[in-house]
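A short write-up of the structure that comes next.
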Amino acid sequence: MQAELAIGLPAAGSLCATVLRARPRAAFAAGAVLGVLGLVAIVLATPGRPSDQLGITLSLSPESRALLIAAAAALALVVALAPLLVERATLLRWGLAGLAGMAAIATATSIEIIVLVLLVLAVLQAAAAGKRSFAIRLRGPVLAVAVLALAAAFARNDGPPILSRLAAVGLVAGLSAALGTLPYVHEFDPEERTSTSPIPWIAFIGPVLALAVLTQARELVPSDSGAFGAMLVGLGLINMVWGSLASWRTEGGAAAWHYSFMADWGLALCGFGVAIADGRRAALLVLLGMLLSRLPLYLWSRQSLRDKRPNDRPINLLAAAMLAGSAPFAGFAARVLLLRGATQVYWPLALVIGLGLLLWLPPSLRLGRSLGLPRGRQAWGIGIALTANVVIGLYPQPFLSLAGL
Amino acid sequence: MSEVAAFAAWFGAAVIVLSDGRRGLALGLAVTTAAFTVLALVGGHAVAAAVLAFGGGFAAVQRSRTGPDVWGLMPPGSTPRLVLSIAGGLLALWISTTLMTGPGAPLRFAALSVIGLMGARALIEDADPNAVLTAIAALALSVAIAAGLAGTGAAPAPYVVAAVIAIGVALIRVRDTDAG
């Protein structure tokens, strides 16, 4: 029953917060209580044990559970320490809706249910008031749904081997379109609210969605796992280089953060692509770092970016070090694992990835400076995000064990 | 029977691609829904057929009440959409009958053509929100019908979720400021 509750309680919390939005305190209290109960249900869920209480078979994998817990923790962190100009109840409402969708995606046992939930999330996000037009906001996710559904249809039919190859291409392309990585970068408006921007796709929903799609891909295209992995590595390298260079050279500060998420996805995709335990461990650490540190830091940098007040204090340099993946932060452990995994598979790949990692430094310094001079809630939040990242970097094994790796 | 239904599904999707008015969009969605219902019935999935008919039917009726009260079929400049509809249909036909083997070609053709055309409809530049919502409803129904290809066609979950999506998007009112 925990899987059903993991979906239902955050959804109910989001619904309550929406119904009570005229009374923000009541909306916040109802959303918070149901959200915490949803988190408890996720924590207590037994990984791998199917549940069929509502006529739909649901099953939560250990990796998905770890990412869901991280996403819920990130949501709690940004809601508790939300910037002064951001309404907590609104942030919580959107976050809980996303969390419910992520739980549904994580527990779904078929690709069709995953893409249908993806469609629901896309419509919900696009229906809210935002800077970009309705059709433009739906473009990436709807393309992802169509391509993933076609890929599943190709994989499930008998025919020549090219069908399976096309299915593998479709799965990678669909995943990329859903996340908003190259070659399907979602249109980004720096003035748009975070909840209606492409950031939730690439930084909040993306990690769980990617894991779910990759898990399904193993069953759909078992004979083409090599080609599938190679495509992930190729896409990862492109995103790594493009994301870090664009994050460094682009004019807008918010756009630089958007590209930095793409660069991190490059690392994660390479990790998933090398298809050995070290690669998966590296990808999981990158995604944990994205959820628990990079996403909250992005939210706390928004006001400073609007005020154009960059700063070079030690806290900014520490944040830059974390974003660059230097020791002792989680990114460093992830990079070591990824290089070790790539060396086992094909050593020139490790060389290419190693060179690509050098590109993280200039944009990270820029992003660290963009946090400005943190004060009050923002300072507390950045401190907590840095501490969490150091803990994961120094002691990654408990987090990897939670994910069954 | 299933062959006729498969072509009707493609025809309905093509009408959605070619229409900008509420009557055309509603007609396209109604035809696609009816075709999917027949395909599900032919496959022996009565519950799935009933769920699809209800969800798609509700969405089509609701669509006929929202948006500009015109047919809007093939407005000026719609030649690329016409080419897309025909080429998409032919490509889906070739893939489902020649490239793919085994029984169930009508179901494959219906699913592939509608998924492809609805994905393309949502990508059209400056698309009207009502047209995009109609495409999403048909896309959801086609994803559910494609689940039948997995041999799990009797499981009602994808059909129920798709019907809920079709009903949900039919009830959504996109604010004018969002329509860009």
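We label chains A, B, ... in the order they appear in the structure tokens, count residues from 1 in each chain, and number ligands from 1 in the order shown.
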Region 73-83 of chain A surroundings by only C-alpha atoms, 7 Å radius, close-in-sequence under 6 positions cut, as an mmCIF file with N, CA and C atoms, in the first residue's frame:
```
data_model
loop_
_atom_site.group_PDB
_atom_site.id
_atom_site.type_symbol
_atom_site.label_atom_id
_atom_site.label_comp_id
_atom_site.auth_asym_id
_atom_site.auth_seq_id
_atom_site.Cartn_x
_atom_site.Cartn_y
_atom_site.Cartn_z
ATOM 1 N N LEU A 91 4.963 27.352 -3.854
ATOM 2 C CA LEU A 91 6.109 26.465 -4.117
ATOM 3 C C LEU A 91 5.787 25.028 -3.690
ATOM 4 N N LEU A 92 5.153 24.921 -2.518
ATOM 5 C CA LEU A 92 4.802 23.605 -1.989
ATOM 6 C C LEU A 92 3.758 22.925 -2.879
ATOM 7 N N GLY A 95 5.484 21.761 -5.982
ATOM 8 C CA GLY A 95 6.447 20.714 -5.637
ATOM 9 C C GLY A 95 5.766 19.399 -5.328
ATOM 10 N N LEU A 291 19.742 17.288 -7.258
ATOM 11 C CA LEU A 291 18.503 17.503 -6.508
ATOM 12 C C LEU A 291 18.742 18.251 -5.194
ATOM 13 N N LEU A 292 19.789 17.837 -4.479
ATOM 14 C CA LEU A 292 19.960 18.360 -3.126
ATOM 15 C C LEU A 292 20.779 19.643 -3.077
ATOM 16 N N PRO A 296 18.522 23.700 -5.348
ATOM 17 C CA PRO A 296 18.291 24.724 -4.329
ATOM 18 C C PRO A 296 19.160 25.972 -4.541
ATOM 19 N N TRP A 300 18.006 29.957 -4.916
ATOM 20 C CA TRP A 300 18.482 31.028 -4.042
ATOM 21 C C TRP A 300 19.313 32.071 -4.794
ATOM 22 N N ARG A 377 17.664 33.411 5.466
ATOM 23 C CA ARG A 377 17.262 32.077 5.012
ATOM 24 C C ARG A 377 18.174 31.547 3.913
ATOM 25 N N GLN A 378 18.561 32.448 2.998
ATOM 26 C CA GLN A 378 19.403 32.035 1.868
ATOM 27 C C GLN A 378 20.739 31.494 2.376
ATOM 28 N N GLY A 381 20.200 28.147 3.927
ATOM 29 C CA GLY A 381 19.949 27.165 2.871
ATOM 30 C C GLY A 381 21.221 26.752 2.162
#
```
Interface list for chain A, partner chain B, 9 Å threshold, only C-alpha atoms, as a PyMOL selection string: chain A and resi 55-57+110-113+115-117+119-120+123+126-136+138-140+142-147+149-150+152-154+156-160+163
Expected answer as a ChimeraX atom specification: alpha helix (DSSP H) residues in region 30-150 of chain B: /B:30-42,46-63,79-94,105-123,129-147
Okay, now the selection with C-alpha atoms, as a compact mmCIF listing (two decimals), in the first residue's frame?
```txt
# COMPACT_ATOMS: atom_id res chain seq x y z
CA ALA B 30 -14.87 11.68 -32.23
CA VAL B 31 -13.83 9.66 -35.31
CA THR B 32 -10.52 8.63 -33.71
CA THR B 33 -12.30 7.63 -30.49
CA ALA B 34 -14.89 5.58 -32.37
CA ALA B 35 -12.14 3.83 -34.33
CA PHE B 36 -10.15 3.00 -31.19
CA THR B 37 -13.32 1.71 -29.53
CA VAL B 38 -13.96 -0.65 -32.44
CA LEU B 39 -10.32 -1.83 -32.41
CA ALA B 40 -10.52 -2.55 -28.68
CA LEU B 41 -13.81 -4.43 -29.15
CA VAL B 42 -12.39 -6.47 -32.02
CA ALA B 46 -14.84 -4.72 -23.87
CA VAL B 47 -13.94 -2.80 -20.70
CA ALA B 48 -11.15 -0.96 -22.48
CA ALA B 49 -13.52 -0.11 -25.34
CA ALA B 50 -16.10 1.27 -22.94
CA VAL B 51 -13.50 3.36 -21.08
CA LEU B 52 -12.06 4.74 -24.33
CA ALA B 53 -15.52 5.52 -25.70
CA PHE B 54 -16.50 7.38 -22.55
CA GLY B 55 -13.26 9.37 -22.21
CA GLY B 56 -12.89 10.21 -25.89
CA GLY B 57 -16.62 10.85 -26.34
CA PHE B 58 -16.75 13.23 -23.40
CA ALA B 59 -13.67 15.06 -24.70
CA ALA B 60 -15.15 15.34 -28.21
CA VAL B 61 -18.47 16.71 -26.93
CA GLN B 62 -16.71 19.16 -24.67
CA ARG B 63 -14.42 20.23 -27.51
CA THR B 79 -0.64 22.51 -47.43
CA PRO B 80 2.30 21.36 -45.25
CA ARG B 81 -0.20 19.90 -42.79
CA LEU B 82 -1.97 18.05 -45.59
CA VAL B 83 1.34 16.64 -46.82
CA LEU B 84 2.20 15.68 -43.23
CA SER B 85 -1.12 13.86 -42.78
CA ILE B 86 -0.76 11.85 -46.00
CA ALA B 87 2.96 11.16 -45.66
CA GLY B 88 2.56 10.23 -41.99
CA GLY B 89 -0.23 7.84 -42.85
CA LEU B 90 1.75 6.19 -45.65
CA LEU B 91 4.84 5.85 -43.48
CA ALA B 92 2.80 4.31 -40.64
CA LEU B 93 1.15 1.96 -43.14
CA TRP B 94 4.52 0.83 -44.52
CA ALA B 105 -1.40 -4.83 -38.34
CA PRO B 106 -4.58 -2.68 -38.12
CA LEU B 107 -3.94 -1.95 -34.44
CA ARG B 108 -0.29 -1.13 -35.21
CA PHE B 109 -1.25 1.20 -38.06
CA ALA B 110 -3.87 3.00 -35.95
CA ALA B 111 -1.53 3.44 -33.00
CA LEU B 112 1.53 4.54 -35.02
CA SER B 113 -0.33 6.95 -37.29
CA VAL B 114 -2.25 8.67 -34.49
CA ILE B 115 0.75 8.92 -32.14
CA GLY B 116 2.91 10.35 -34.93
CA LEU B 117 0.34 12.83 -36.22
CA MET B 118 -0.70 14.04 -32.77
CA GLY B 119 2.93 14.52 -31.74
CA ALA B 120 3.43 16.59 -34.90
CA ARG B 121 0.20 18.56 -34.29
CA ALA B 122 1.44 19.73 -30.92
CA LEU B 123 4.70 20.93 -32.50
CA PRO B 129 -4.31 25.92 -27.32
CA ASN B 130 -7.62 24.19 -28.15
CA ALA B 131 -6.00 22.33 -31.04
CA VAL B 132 -3.06 21.32 -28.82
CA LEU B 133 -5.42 20.08 -26.10
CA THR B 134 -7.38 18.05 -28.65
CA ALA B 135 -4.13 16.55 -29.94
CA ILE B 136 -3.15 15.66 -26.36
CA ALA B 137 -6.48 13.90 -25.77
CA ALA B 138 -6.06 11.84 -28.96
CA LEU B 139 -2.40 11.19 -28.13
CA ALA B 140 -3.33 9.83 -24.70
CA LEU B 141 -5.94 7.51 -26.21
CA SER B 142 -3.47 6.30 -28.84
CA VAL B 143 -0.81 5.56 -26.20
CA ALA B 144 -3.39 3.44 -24.38
CA ILE B 145 -4.37 1.59 -27.56
CA ALA B 146 -0.65 1.02 -28.26
CA ALA B 147 -0.43 -0.74 -24.89
```
Who sits within 10 Å of Arg302 (chain A), only C-alpha atoms, same chain under 6 positions skipped, as a PDB file with C-alpha atoms, in the first residue's frame:
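Dumped everything to selection_22.pdb:
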```
ATOM      1  CA  PRO A  83      13.488  33.280  -0.724  1.00  0.00           C
ATOM      2  CA  PRO A 190      15.003  33.913 -17.427  1.00  0.00           C
ATOM      3  CA  GLU A 191      12.134  36.025 -16.074  1.00  0.00           C
ATOM      4  CA  ARG A 193       8.748  31.573 -12.451  1.00  0.00           C
ATOM      5  CA  THR A 194      10.779  28.444 -11.704  1.00  0.00           C
ATOM      6  CA  GLY A 253      22.993  34.428 -15.410  1.00  0.00           C
ATOM      7  CA  ALA A 254      19.796  32.363 -15.204  1.00  0.00           C
ATOM      8  CA  TRP A 257      22.371  27.912 -14.507  1.00  0.00           C
ATOM      9  CA  LYS A 308      22.901  41.867 -10.573  1.00  0.00           C
ATOM     10  CA  SER A 370      25.927  34.758  -8.928  1.00  0.00           C
ATOM     11  CA  LEU A 371      24.698  33.738  -5.476  1.00  0.00           C
ATOM     12  CA  GLY A 372      25.588  37.251  -4.279  1.00  0.00           C
TER      13      GLY A 372
END
```
For Val40 (chain A), work out the shell of residues within 12 Å, counting only C-alpha atoms and skipping chain neighbours fewer than 4 positions away, then give it as a ChimeraX atom specification. /A:2-3,5-7,9-10,33-36,44-46,65,68-69,72-73
Residues near region 349-365 of chain A, anyone? I mean within 8 Å using only C-alpha atoms, not counting same-chain ones fewer than 4 positions away, as JSON, numbers by chain. {"A": [237, 240, 241, 244, 245, 247, 248, 249, 256, 260, 317, 320, 321, 323, 324, 325, 339, 340, 342, 343, 369]}
Store the residues picked out above in a file with N, CA and C atoms, as a tab-separated table (two decimals), in the first residue's frame.
```tsv
chain	number	residue	atom	x	y	z
A	237	LEU	N	28.37	13.10	-23.63
A	237	LEU	CA	29.57	13.89	-23.93
A	237	LEU	C	29.19	15.22	-24.58
A	240	MET	N	27.75	17.45	-21.97
A	240	MET	CA	28.79	17.85	-21.03
A	240	MET	C	29.57	19.05	-21.59
A	241	VAL	N	30.01	18.91	-22.83
A	241	VAL	CA	30.83	19.97	-23.45
A	241	VAL	C	29.98	21.21	-23.73
A	244	SER	N	28.64	22.95	-20.37
A	244	SER	CA	29.62	23.70	-19.59
A	244	SER	C	30.15	24.92	-20.35
A	245	LEU	N	30.36	24.78	-21.67
A	245	LEU	CA	30.81	25.94	-22.45
A	245	LEU	C	29.73	27.03	-22.50
A	247	SER	N	27.29	27.46	-20.38
A	247	SER	CA	27.12	28.01	-19.04
A	247	SER	C	28.20	29.07	-18.73
A	248	TRP	N	29.36	28.88	-19.30
A	248	TRP	CA	30.48	29.81	-19.11
A	248	TRP	C	30.30	31.07	-19.96
A	249	ARG	N	29.92	30.88	-21.23
A	249	ARG	CA	29.95	31.99	-22.18
A	249	ARG	C	28.63	32.74	-22.36
A	256	ALA	N	22.78	30.64	-17.65
A	256	ALA	CA	24.01	29.91	-17.30
A	256	ALA	C	23.69	28.76	-16.35
A	260	SER	N	24.06	24.74	-16.95
A	260	SER	CA	24.87	23.93	-16.02
A	260	SER	C	24.14	22.62	-15.67
A	317	LEU	N	32.94	31.01	-3.18
A	317	LEU	CA	33.98	30.12	-3.70
A	317	LEU	C	33.72	28.67	-3.31
A	320	ALA	N	31.13	27.46	-5.55
A	320	ALA	CA	31.72	27.21	-6.88
A	320	ALA	C	32.47	25.88	-6.87
A	321	ALA	N	33.18	25.61	-5.79
A	321	ALA	CA	33.91	24.34	-5.69
A	321	ALA	C	32.96	23.16	-5.72
A	323	LEU	N	29.93	23.14	-7.10
A	323	LEU	CA	29.34	23.03	-8.44
A	323	LEU	C	30.34	22.46	-9.44
A	324	ALA	N	31.63	22.70	-9.20
A	324	ALA	CA	32.66	22.20	-10.11
A	324	ALA	C	33.00	20.73	-9.85
A	325	GLY	N	32.49	20.21	-8.74
A	325	GLY	CA	32.75	18.81	-8.42
A	325	GLY	C	34.14	18.56	-7.87
A	339	LEU	N	35.13	7.98	-13.99
A	339	LEU	CA	36.41	7.75	-14.69
A	339	LEU	C	36.86	6.30	-14.52
A	340	ARG	N	36.64	5.75	-13.31
A	340	ARG	CA	37.02	4.35	-13.07
A	340	ARG	C	36.18	3.42	-13.95
A	342	ALA	N	34.64	4.23	-16.79
A	342	ALA	CA	34.97	4.42	-18.21
A	342	ALA	C	36.29	3.72	-18.55
A	343	THR	N	37.24	3.74	-17.60
A	343	THR	CA	38.52	3.07	-17.84
A	343	THR	C	38.32	1.56	-18.02
A	369	ARG	N	29.59	32.98	-7.95
A	369	ARG	CA	29.53	34.44	-7.75
A	369	ARG	C	28.08	34.94	-7.86
```
Residues near Trp265 (chain A), cut-off 10 Å, only C-alpha atoms, skip fewer than 3 positions along chain, as a ChimeraX atom specification: /A:176,179-182,202-203,206-207,235-237,239-240,243,259-262,268-271,283,286-287,290
Please, could you write that set of residues out with C-alpha atoms as an mmCIF file, in the first residue's frame?
```cif
data_model
loop_
_atom_site.group_PDB
_atom_site.id
_atom_site.type_symbol
_atom_site.label_atom_id
_atom_site.label_comp_id
_atom_site.auth_asym_id
_atom_site.auth_seq_id
_atom_site.Cartn_x
_atom_site.Cartn_y
_atom_site.Cartn_z
ATOM 1 C CA SER A 176 16.357 13.820 -24.077
ATOM 2 C CA LEU A 179 14.627 16.369 -19.893
ATOM 3 C CA GLY A 180 15.343 19.282 -22.209
ATOM 4 C CA THR A 181 18.939 18.350 -22.915
ATOM 5 C CA LEU A 182 20.634 18.616 -26.299
ATOM 6 C CA ILE A 202 15.659 19.046 -16.119
ATOM 7 C CA ALA A 203 16.358 19.290 -12.380
ATOM 8 C CA GLY A 206 14.135 14.490 -14.740
ATOM 9 C CA PRO A 207 16.205 12.228 -12.457
ATOM 10 C CA LEU A 235 24.694 12.301 -25.912
ATOM 11 C CA GLY A 236 26.266 12.675 -22.489
ATOM 12 C CA LEU A 237 29.570 13.894 -23.928
ATOM 13 C CA ASN A 239 25.768 17.765 -23.286
ATOM 14 C CA MET A 240 28.792 17.852 -21.031
ATOM 15 C CA GLY A 243 26.423 22.649 -21.306
ATOM 16 C CA TYR A 259 23.053 25.146 -19.126
ATOM 17 C CA SER A 260 24.867 23.928 -16.021
ATOM 18 C CA PHE A 261 22.058 21.434 -15.432
ATOM 19 C CA MET A 262 22.615 20.192 -18.988
ATOM 20 C CA ALA A 268 24.795 11.319 -15.591
ATOM 21 C CA LEU A 269 24.068 10.065 -19.108
ATOM 22 C CA CYS A 270 27.702 8.954 -19.506
ATOM 23 C CA GLY A 271 27.376 7.118 -16.193
ATOM 24 C CA ALA A 283 25.137 8.789 -12.247
ATOM 25 C CA VAL A 286 25.402 13.295 -9.842
ATOM 26 C CA LEU A 287 21.616 13.195 -9.689
ATOM 27 C CA MET A 290 21.609 17.984 -8.651
#
```
